[in-house]
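What follows is the content of final14.pdb (PDB, C-alpha atoms).
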```
ATOM      1  CA  MET A 130     147.415 134.522 235.867
ATOM      2  CA  LEU A 131     146.240 134.834 232.284
ATOM      3  CA  ALA A 132     147.830 138.261 231.943
ATOM      4  CA  SER A 133     151.124 136.792 233.148
ATOM      5  CA  ALA A 134     150.957 134.070 230.510
ATOM      6  CA  LEU A 135     150.122 136.562 227.773
ATOM      7  CA  ALA A 136     153.199 138.548 228.757
ATOM      8  CA  GLY A 137     155.338 135.626 227.618
ATOM      9  CA  CYS A 138     156.761 135.040 224.191
ATOM     10  CA  ALA A 139     154.328 134.498 221.312
ATOM     11  CA  GLY A 140     154.584 131.767 218.727
ATOM     12  CA  LEU A 141     152.730 129.075 216.805
ATOM     13  CA  TYR A 142     151.900 125.546 217.924
ATOM     14  CA  GLY A 143     150.548 122.278 216.603
ATOM     15  CA  GLU A 144     149.208 119.335 218.599
ATOM     16  CA  VAL A 145     147.858 115.848 217.968
ATOM     17  CA  ALA A 146     145.405 114.257 220.395
ATOM     18  CA  PHE A 147     143.904 110.861 221.193
ATOM     19  CA  THR A 148     141.096 110.203 223.676
ATOM     20  CA  SER A 149     139.802 106.788 224.713
ATOM     21  CA  THR A 150     136.298 106.838 226.188
ATOM     22  CA  PRO A 151     135.358 103.592 228.000
ATOM     23  CA  SER A 152     131.647 104.359 227.924
ATOM     24  CA  THR A 153     129.499 106.756 225.893
ATOM     25  CA  LYS A 154     125.862 107.665 226.193
ATOM     26  CA  VAL A 155     123.595 108.611 223.305
ATOM     27  CA  SER A 156     120.719 110.890 224.270
ATOM     28  CA  GLN A 157     117.516 110.967 222.276
ATOM     29  CA  SER A 158     115.695 114.212 221.614
ATOM     30  CA  GLY A 159     113.156 113.224 224.223
ATOM     31  CA  GLY A 160     115.832 112.843 226.914
ATOM     32  CA  ALA A 161     116.228 109.060 227.057
ATOM     33  CA  GLU A 162     119.812 107.775 227.142
ATOM     34  CA  VAL A 163     121.195 104.674 225.471
ATOM     35  CA  ASP A 164     124.568 103.079 226.174
ATOM     36  CA  ALA A 165     126.647 103.330 222.969
ATOM     37  CA  GLY A 166     129.667 101.409 224.279
ATOM     38  CA  GLY A 167     133.213 102.665 224.151
ATOM     39  CA  GLY A 168     134.433 105.358 221.832
ATOM     40  CA  THR A 169     137.612 106.977 220.561
ATOM     41  CA  THR A 170     138.405 110.556 219.570
ATOM     42  CA  VAL A 171     141.368 111.509 217.408
ATOM     43  CA  GLY A 172     142.277 114.928 216.063
ATOM     44  CA  PHE A 173     144.602 117.873 216.001
ATOM     45  CA  ASN A 174     144.698 121.546 216.869
ATOM     46  CA  VAL A 175     146.838 124.454 215.692
ATOM     47  CA  GLY A 176     147.015 128.038 216.824
ATOM     48  CA  ILE A 177     148.837 130.742 218.743
ATOM     49  CA  ASP A 178     150.956 129.991 221.785
ATOM     50  CA  PHE A 179     151.969 132.440 224.540
ATOM     51  CA  SER A 180     154.663 130.623 226.488
ATOM     52  CA  GLY A 181     157.078 131.221 229.284
ATOM     53  CA  THR A 182     159.395 128.754 230.928
ATOM     54  CA  MET A 183     156.717 127.895 233.531
ATOM     55  CA  LYS A 184     153.423 129.069 231.979
ATOM     56  CA  ARG A 185     151.591 128.550 228.716
ATOM     57  CA  PHE A 186     148.368 129.827 227.211
ATOM     58  CA  SER A 187     147.340 128.536 223.796
ATOM     59  CA  GLY A 188     144.320 128.925 221.593
ATOM     60  CA  GLY A 189     143.386 127.978 218.068
ATOM     61  CA  TYR A 190     141.472 125.719 215.738
ATOM     62  CA  ALA A 191     140.661 122.104 216.652
ATOM     63  CA  ALA A 192     139.279 119.264 214.536
ATOM     64  CA  THR A 193     138.402 115.790 215.873
ATOM     65  CA  THR A 194     136.492 112.678 214.905
ATOM     66  CA  THR A 195     134.678 110.681 217.572
ATOM     67  CA  SER A 196     133.729 107.081 216.777
ATOM     68  CA  PHE A 197     131.167 105.143 218.821
ATOM     69  CA  ASP A 198     128.924 102.118 218.364
ATOM     70  CA  GLY A 199     126.525 102.914 215.560
ATOM     71  CA  GLY A 200     128.028 106.140 214.256
ATOM     72  CA  GLU A 201     130.603 108.910 214.339
ATOM     73  CA  SER A 202     130.769 112.647 214.924
ATOM     74  CA  LYS A 203     133.107 115.192 213.377
ATOM     75  CA  PHE A 204     133.893 118.303 215.421
ATOM     76  CA  SER A 205     135.528 121.592 214.382
ATOM     77  CA  GLY A 206     135.834 124.707 216.486
ATOM     78  CA  ALA A 207     137.999 126.624 218.906
ATOM     79  CA  GLN A 208     140.132 125.217 221.695
ATOM     80  CA  MET A 209     141.912 127.039 224.526
ATOM     81  CA  ARG A 210     144.197 125.709 227.246
ATOM     82  CA  TYR A 211     146.243 127.071 230.111
ATOM     83  CA  ASP A 212     149.168 125.143 231.646
ATOM     84  CA  HIS A 213     150.894 126.241 234.836
ATOM     85  CA  GLY A 214     154.305 124.956 235.948
ATOM     86  CA  ILE A 215     154.478 123.418 239.397
ATOM     87  CA  ILE A 216     158.102 122.313 239.445
ATOM     88  CA  SER A 217     161.194 122.764 237.309
ATOM     89  CA  LEU A 218     163.483 119.736 237.118
ATOM     90  CA  PRO A 219     166.490 120.297 234.859
ATOM     91  CA  GLU A 220     166.635 123.808 233.494
ATOM     92  CA  ARG A 221     164.804 122.850 230.285
ATOM     93  CA  LEU A 222     162.087 120.616 231.782
ATOM     94  CA  SER A 223     159.047 121.573 233.863
ATOM     95  CA  LEU A 224     156.044 119.638 235.187
ATOM     96  CA  ARG A 225     152.683 121.360 234.812
ATOM     97  CA  VAL A 226     148.988 121.149 235.549
ATOM     98  CA  GLY A 227     146.543 122.370 232.955
ATOM     99  CA  ALA A 228     142.944 122.744 231.898
ATOM    100  CA  GLY A 229     141.225 123.535 228.634
ATOM    101  CA  LEU A 230     137.910 123.879 226.873
ATOM    102  CA  GLU A 231     136.641 123.528 223.322
ATOM    103  CA  SER A 232     133.549 124.901 221.637
ATOM    104  CA  GLY A 233     132.261 124.630 218.092
ATOM    105  CA  LYS A 234     129.979 122.571 215.888
ATOM    106  CA  SER A 235     129.857 118.857 215.237
ATOM    107  CA  THR A 236     128.234 116.837 212.512
ATOM    108  CA  GLY A 237     126.970 113.409 213.513
ATOM    109  CA  THR A 238     125.981 110.473 211.334
ATOM    110  CA  SER A 239     123.875 107.628 212.721
ATOM    111  CA  ASN A 240     121.254 105.323 211.216
ATOM    112  CA  GLY A 241     121.933 106.921 207.843
ATOM    113  CA  MET A 242     120.938 110.386 209.075
ATOM    114  CA  THR A 243     123.304 113.367 209.450
ATOM    115  CA  THR A 244     122.626 116.322 211.718
ATOM    116  CA  GLU A 245     124.688 119.279 212.956
ATOM    117  CA  ASP A 246     124.590 121.083 216.284
ATOM    118  CA  ASN A 247     126.672 123.030 218.772
ATOM    119  CA  SER A 248     129.214 120.989 220.740
ATOM    120  CA  PHE A 249     131.700 121.512 223.535
ATOM    121  CA  GLY A 250     134.160 119.735 225.786
ATOM    122  CA  PHE A 251     136.417 120.122 228.807
ATOM    123  CA  MET A 252     139.781 118.679 229.796
ATOM    124  CA  GLY A 253     142.174 118.767 232.718
ATOM    125  CA  GLY A 254     145.309 116.943 233.742
ATOM    126  CA  VAL A 255     149.067 117.053 234.146
ATOM    127  CA  GLY A 256     151.843 117.468 231.645
ATOM    128  CA  ALA A 257     155.433 118.354 230.978
ATOM    129  CA  THR A 258     157.198 120.835 228.732
ATOM    130  CA  TYR A 259     160.720 120.284 227.495
ATOM    131  CA  PHE A 260     162.642 122.969 225.610
ATOM    132  CA  ALA A 261     164.479 121.090 222.854
ATOM    133  CA  THR A 262     165.845 124.523 221.982
ATOM    134  CA  TRP A 263     164.849 127.726 223.714
ATOM    135  CA  ARG A 264     162.520 128.490 220.802
ATOM    136  CA  THR A 265     161.002 125.017 220.272
ATOM    137  CA  PRO A 266     159.309 123.653 223.399
ATOM    138  CA  VAL A 267     157.705 120.200 223.218
ATOM    139  CA  HIS A 268     154.519 119.625 225.268
ATOM    140  CA  LEU A 269     153.058 116.377 226.633
ATOM    141  CA  PHE A 270     149.652 116.399 228.306
ATOM    142  CA  VAL A 271     147.727 113.497 229.904
ATOM    143  CA  GLY A 272     144.381 113.842 231.653
ATOM    144  CA  ALA A 273     140.615 113.538 231.538
ATOM    145  CA  HIS A 274     138.518 114.697 228.571
ATOM    146  CA  TRP A 275     134.726 115.080 228.617
ATOM    147  CA  ILE A 276     132.936 115.550 225.286
ATOM    148  CA  ASN A 277     129.472 116.441 224.049
ATOM    149  CA  ARG A 278     128.983 115.757 220.339
ATOM    150  CA  GLU A 279     126.151 115.586 217.818
ATOM    151  CA  ALA A 280     125.469 111.907 217.086
ATOM    152  CA  GLY A 281     123.122 112.215 214.085
ATOM    153  CA  ASP A 282     119.408 111.527 213.843
ATOM    154  CA  GLU A 283     118.916 114.395 216.332
ATOM    155  CA  ARG A 284     120.842 112.575 219.033
ATOM    156  CA  THR A 285     123.787 113.617 221.244
ATOM    157  CA  VAL A 286     126.693 111.457 222.356
ATOM    158  CA  THR A 287     128.522 112.248 225.626
ATOM    159  CA  GLY A 288     131.317 110.569 227.511
ATOM    160  CA  ALA A 289     134.500 110.995 229.552
ATOM    161  CA  GLY A 290     137.793 109.327 228.880
ATOM    162  CA  VAL A 291     141.554 109.552 229.113
ATOM    163  CA  THR A 292     143.293 111.895 226.683
ATOM    164  CA  ALA A 293     146.931 112.069 225.610
ATOM    165  CA  ARG A 294     148.263 115.049 223.651
ATOM    166  CA  LEU A 295     151.622 115.806 222.102
ATOM    167  CA  GLY A 296     152.459 119.234 220.740
ATOM    168  CA  VAL A 297     155.339 121.414 219.666
ATOM    169  CA  SER A 298     155.637 125.207 219.569
ATOM    170  CA  LEU A 299     157.798 127.528 217.515
ATOM    171  CA  MET A 300     158.416 130.717 219.470
ATOM    172  CA  ALA A 301     159.369 134.069 217.987
ATOM    173  CA  LYS A 302     162.176 134.489 220.531
ATOM    174  CA  ASP A 303     163.679 132.995 223.640
ATOM    175  CA  PRO A 304     160.902 132.987 226.265
ATOM    176  CA  ARG A 305     163.201 133.043 229.258
ATOM    177  CA  GLY A 306     163.073 136.213 231.296
ATOM    178  CA  ASP A 307     165.976 138.068 232.910
ATOM    179  CA  SER A 308     166.818 138.169 236.595
ATOM    180  CA  MET A 309     168.755 140.874 238.387
ATOM    181  CA  PHE A 310     169.966 142.020 241.771
ATOM    182  CA  VAL A 311     171.929 144.961 243.192
ATOM    183  CA  VAL A 312     175.167 144.870 245.181
ATOM    184  CA  PRO A 313     175.602 148.108 247.211
ATOM    185  CA  LEU A 314     179.060 149.706 247.346
ATOM    186  CA  GLU A 315     180.641 152.187 249.742
ATOM    187  CA  GLY A 316     183.694 153.211 247.767
ATOM    188  CA  ASN A 317     183.987 154.724 244.340
ATOM    189  CA  ARG A 318     186.509 152.288 242.878
ATOM    190  CA  ASP A 319     185.817 150.760 239.463
ATOM    191  CA  LEU A 320     185.538 147.010 240.019
ATOM    192  CA  THR A 321     184.692 145.942 236.478
ATOM    193  CA  GLY A 322     188.355 145.449 235.591
ATOM    194  CA  VAL A 323     188.841 143.066 238.519
ATOM    195  CA  LEU A 324     185.633 141.247 237.612
ATOM    196  CA  GLN A 325     186.799 140.924 234.018
ATOM    197  CA  GLU A 326     190.030 139.230 235.125
ATOM    198  CA  GLY A 327     188.082 136.885 237.406
ATOM    199  CA  ALA A 328     185.629 136.079 234.640
ATOM    200  CA  ALA A 329     188.497 135.200 232.282
ATOM    201  CA  ALA A 330     189.946 132.879 234.917
ATOM    202  CA  TYR A 331     186.519 131.281 235.379
ATOM    203  CA  GLY A 332     186.234 130.644 231.628
ATOM    204  CA  CYS A 333     184.020 133.537 230.530
ATOM    205  CA  ASP A 334     184.448 135.645 227.415
ATOM    206  CA  THR A 335     184.133 139.430 227.432
ATOM    207  CA  LEU A 336     181.530 140.656 224.963
ATOM    208  CA  ASP A 337     181.846 144.357 225.770
ATOM    209  CA  SER A 338     183.215 146.730 228.392
ATOM    210  CA  ASP A 339     182.849 150.468 228.740
ATOM    211  CA  ARG A 340     183.839 153.152 231.200
ATOM    212  CA  THR A 341     182.702 156.735 231.519
ATOM    213  CA  GLU A 342     183.254 159.416 234.116
ATOM    214  CA  TYR A 343     180.206 158.275 236.085
ATOM    215  CA  SER A 344     179.724 154.568 235.311
ATOM    216  CA  ALA A 345     181.330 151.348 234.113
ATOM    217  CA  SER A 346     179.813 148.334 232.402
ATOM    218  CA  LEU A 347     180.918 144.793 231.606
ATOM    219  CA  LYS A 348     179.120 142.175 229.481
ATOM    220  CA  LEU A 349     180.201 138.544 229.766
ATOM    221  CA  LYS A 350     179.344 135.207 228.176
ATOM    222  CA  CYS A 351     180.002 132.196 230.382
ATOM    223  CA  GLY A 352     179.268 129.114 228.317
ATOM    224  CA  SER A 353     175.583 129.413 227.441
ATOM    225  CA  LYS A 354     175.023 132.084 230.128
ATOM    226  CA  ARG A 355     175.019 135.870 229.750
ATOM    227  CA  ILE A 356     175.756 138.135 232.701
ATOM    228  CA  ASP A 357     176.067 141.935 232.682
ATOM    229  CA  TYR A 358     177.511 144.287 235.305
ATOM    230  CA  PHE A 359     176.643 147.982 235.440
ATOM    231  CA  GLN A 360     178.395 149.995 238.142
ATOM    232  CA  ILE A 361     177.805 153.471 239.485
ATOM    233  CA  ALA A 362     179.134 155.027 242.673
ATOM    234  CA  SER A 363     176.431 153.552 244.931
ATOM    235  CA  GLY A 364     176.467 149.961 243.668
ATOM    236  CA  ILE A 365     176.541 147.373 240.898
ATOM    237  CA  LEU A 366     173.471 146.149 239.032
ATOM    238  CA  VAL A 367     173.930 142.486 238.044
ATOM    239  CA  THR A 368     171.687 141.159 235.255
ATOM    240  CA  CYS A 369     171.561 137.575 233.991
ATOM    241  CA  ARG A 370     170.082 137.466 230.491
ATOM    242  CA  HIS A 371     167.565 134.695 229.758
ATOM    243  CA  GLU A 372     167.870 133.404 233.315
ATOM    244  CA  PRO A 373     164.594 133.573 235.258
ATOM    245  CA  SER A 374     166.154 132.147 238.433
ATOM    246  CA  GLU A 375     167.680 134.836 240.648
ATOM    247  CA  GLU A 376     169.302 132.087 242.718
ATOM    248  CA  ARG A 377     171.221 130.728 239.710
ATOM    249  CA  CYS A 378     172.123 134.277 238.695
ATOM    250  CA  GLU A 379     173.598 135.024 242.124
ATOM    251  CA  GLN A 380     175.546 131.755 242.091
ATOM    252  CA  LEU A 381     177.117 132.567 238.723
ATOM    253  CA  SER A 382     178.153 136.007 239.961
ATOM    254  CA  LYS A 383     179.587 134.494 243.164
ATOM    255  CA  ASN A 384     181.718 132.134 241.095
ATOM    256  CA  ILE A 385     183.096 135.054 239.085
ATOM    257  CA  VAL A 386     183.808 137.097 242.244
ATOM    258  CA  LYS A 387     185.533 134.072 243.821
ATOM    259  CA  ALA A 388     187.780 133.720 240.761
ATOM    260  CA  ALA A 389     188.524 137.477 240.874
ATOM    261  CA  ARG A 390     189.597 137.260 244.524
ATOM    262  CA  ALA A 391     191.833 134.313 243.704
ATOM    263  CA  LYS A 392     193.534 136.383 240.986
ATOM    264  CA  LEU A 393     194.063 139.251 243.433
ATOM    265  CA  ASP A 394     195.544 136.891 246.035
ATOM    266  CA  GLU A 395     197.799 135.422 243.369
ATOM    267  CA  LYS A 396     199.090 138.868 242.486
ATOM    268  CA  LYS A 397     199.686 139.772 246.144
ATOM    269  CA  GLY A 398     201.481 136.495 246.800
ATOM    270  CA  GLY A 399     203.676 136.960 243.737
ATOM    271  CA  ALA A 400     204.656 140.456 244.826
ATOM    272  CA  ALA A 401     205.558 139.287 248.350
ATOM    273  CA  SER A 402     207.730 136.358 247.212
ATOM    274  CA  ALA A 403     209.653 138.227 244.496
ATOM    275  CA  PRO A 404     213.418 138.645 245.391
ATOM    276  CA  ALA A 405     214.584 142.116 246.251
ATOM    277  CA  GLU A 406     216.335 143.878 243.429
ATOM    278  CA  LYS A 407     220.142 144.188 243.743
ATOM    279  CA  PRO A 408     221.034 147.802 244.490
ATOM    280  CA  ALA A 409     222.935 149.533 241.761
ATOM    281  CA  GLU A 410     226.642 149.878 242.357
ATOM    282  CA  THR A 411     227.790 153.373 243.280
ATOM    283  CA  ALA A 412     229.713 154.979 240.489
ATOM    284  CA  PRO A 413     233.231 155.956 241.468
ATOM    285  CA  THR A 414     233.751 159.600 242.188
ATOM    286  CA  THR A 415     236.901 159.669 240.157
ATOM    287  CA  LEU A 416     237.849 157.745 237.119
ATOM    288  CA  PRO A 417     241.117 155.747 237.138
ATOM    289  CA  SER A 418     244.033 157.473 235.347
ATOM    290  CA  GLU A 419     244.599 156.167 231.866
ATOM    291  CA  THR A 420     248.210 157.608 231.736
ATOM    292  CA  PRO A 421     250.889 155.252 233.088
ATOM    293  CA  PRO A 422     253.179 156.732 235.775
ATOM    294  CA  ALA A 423     256.415 158.317 234.600
ATOM    295  CA  PRO A 424     259.534 156.084 235.178
ATOM    296  CA  GLU A 425     262.015 157.125 237.867
ATOM    297  CA  ALA A 426     265.247 158.866 236.615
ATOM    298  CA  ALA A 427     268.409 156.660 236.408
ATOM    299  CA  PRO A 428     271.286 157.571 238.789
ATOM    300  CA  ALA A 429     274.083 159.773 237.305
ATOM    301  CA  ALA A 430     277.333 158.055 236.165
ATOM    302  CA  PRO A 431     280.468 158.795 238.292
ATOM    303  CA  ALA A 432     282.800 161.493 236.948
ATOM    304  CA  GLU A 433     286.122 160.370 235.494
ATOM    305  CA  THR A 434     289.516 161.793 236.681
ATOM    306  CA  ALA A 435     292.215 163.173 234.440
ATOM    307  CA  SER A 436     294.191 159.957 234.642
ATOM    308  CA  GLY A 437     291.194 158.110 233.465
ATOM    309  CA  SER A 438     290.780 156.253 236.728
ATOM    310  CA  THR A 439     288.203 156.536 239.197
ATOM    311  CA  PRO A 440     288.970 157.634 242.637
TER
END
```
Before anything else, please render the file you have as structure tokens.
Amino acid sequence: MLASALAGCAGLYGEVAFTSTPSTKVSQSGGAEVDAGGGTTVGFNVGIDFSGTMKRFSGGYAATTTSFDGGESKFSGAQMRYDHGIISLPERLSLRVGAGLESGKSTGTSNGMTTEDNSFGFMGGVGATYFATWRTPVHLFVGAHWINREAGDERTVTGAGVTARLGVSLMAKDPRGDSMFVVPLEGNRDLTGVLQEGAAAYGCDTLDSDRTEYSASLKLKCGSKRIDYFQIASGILVTCRHEPSEERCEQLSKNIVKAARAKLDEKKGGAASAPAEKPAETAPTTLPSETPPAPEAAPAAPAETASGSTP
């Protein structure tokens, strides 16, 4: 579990904390306990955060001041906590359970005397993490907090109360992982061109496409989503960048494939309904004569007789 959290993205975090303790006990060096009434603890912690979308491990420096009847105790030391997601609501919000511990030294002042000794505490509860951006998650934690602090005059104050903590992290990169699946193929036809047309119809932008003799690839951006296709003869590897949910990845790919099929059907329907082309007229085998026909000869005039009359 811890190794899985450490495999997430690293960053820095800061947190403020408030704990209300309804009842505290002050122990004398001889072992007798005295009721010191209610107490409050306020403080902060900063450190390194290893976060994923559903897991978080953090550790760093903590400083708190605990006030109780008759004195106060200042603590400084190390604090570690692990939060584990139990359910993801919207994509950016997850509910978590968590536990933590703190260890260091505290300086207590009571009855005008100041003493220092080792101190520790434990906490556990539920919380939520919301990614305001994918590099700045905000954490809320509410639970129980048990403390052991130096109270001064060689006394120790202990108590359990309700703690509320609010923190923010700044991650080095997007902590979301990738998800992928494989679609087996039987033929050797390049499908990335068809997918590209379907993606355009679905509203995606093409970031890159490439084809070689043995493979084809297509990189798409669909809104805030990134999906890549890499095809070889035996199948297509589909990868959704920064999408840890394989179910959401498959749904995005299905939407693109559905749009691609619609484009293919549109092309087939257009080809079937197109009117047949008019056949070209056959050229005449002979060209019409451009020379007008010769006029017929006029009949010959009758011959005249010697008397000048006609017969």
Listing only residues of region 245-308 of chain A within 12 Å of region 140-162 of chain A, what is the closest atom pair and its distance in Å (to one decimal) for each, using only C-alpha atoms, sorted by chain and residue number ascending, as a tab-separated table?
```
residue	atom	partner	partner_atom	distance
A:Gly250	CA	A:Thr148	CA	12.0
A:Met252	CA	A:Thr148	CA	10.5
A:Arg264	CA	A:Gly140	CA	8.8
A:Thr265	CA	A:Tyr142	CA	9.4
A:Pro266	CA	A:Tyr142	CA	9.4
A:Val267	CA	A:Tyr142	CA	9.5
A:His268	CA	A:Glu144	CA	8.5
A:Leu269	CA	A:Glu144	CA	9.4
A:Phe270	CA	A:Ala146	CA	9.2
A:Val271	CA	A:Thr148	CA	9.7
A:Gly272	CA	A:Thr148	CA	9.4
A:Ala273	CA	A:Thr148	CA	8.6
A:His274	CA	A:Thr148	CA	7.1
A:Trp275	CA	A:Thr150	CA	8.7
A:Ile276	CA	A:Thr150	CA	9.4
A:Asn277	CA	A:Lys154	CA	9.7
A:Arg278	CA	A:Val155	CA	9.4
A:Glu279	CA	A:Val155	CA	9.2
A:Ala280	CA	A:Val155	CA	7.3
A:Gly281	CA	A:Val155	CA	9.9
A:Asp282	CA	A:Gln157	CA	8.7
A:Glu283	CA	A:Ser158	CA	6.2
A:Arg284	CA	A:Gln157	CA	4.9
A:Thr285	CA	A:Ser156	CA	5.1
A:Val286	CA	A:Val155	CA	4.3
A:Thr287	CA	A:Lys154	CA	5.3
A:Gly288	CA	A:Thr153	CA	4.5
A:Ala289	CA	A:Thr150	CA	5.6
A:Gly290	CA	A:Thr150	CA	4.0
A:Val291	CA	A:Ser149	CA	5.5
A:Thr292	CA	A:Thr148	CA	4.1
A:Ala293	CA	A:Phe147	CA	5.5
A:Arg294	CA	A:Ala146	CA	4.4
A:Leu295	CA	A:Glu144	CA	5.5
A:Gly296	CA	A:Glu144	CA	3.9
A:Val297	CA	A:Tyr142	CA	5.7
A:Ser298	CA	A:Tyr142	CA	4.1
A:Leu299	CA	A:Leu141	CA	5.3
A:Met300	CA	A:Gly140	CA	4.0
A:Ala301	CA	A:Gly140	CA	5.4
A:Lys302	CA	A:Gly140	CA	8.3
A:Asp303	CA	A:Gly140	CA	10.4
A:Pro304	CA	A:Gly140	CA	9.9
```
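Ranking A:Tyr358, A:Phe310, A:Tyr331, A:Phe204 by their shortest atom-to-atom distance to Ala391 (chain A), with only C-alpha atoms included, puts A:Tyr331 first.
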Option closest in space to Lys234 (chain A), from A:Leu324, A:Met183, A:Ile365, A:Ala207 [counting all atoms listed in the file]: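 So, comparing all the options, the nearest one is A:Ala207.
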Hey, can you check how far CA of Leu336 (chain A) sits from CA of Ser363 (chain A)?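 It comes out at 24.3 Å.
Separating CA of Thr193 (chain A) from CA of Leu230 (chain A) is a distance of 13.7 Å.
Between CA of Thr238 (chain A) and CA of Gln208 (chain A) the separation is 22.9 Å.
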Just the residues within 9 Å of region 374-388 of chain A, please, counting all atoms listed in the file, with nothing from its chain fewer than 5 positions along; format it as a ChimeraX atom specification. /A:306-310,323-331,333,351,354,356,367-369,393
Might you spell out which residues the PyMOL selection byres ((chain A and resi 209-213) around 6) would select in the displayed file, as a PyMOL selection string? chain A and resi 184-188+208+214+225-230
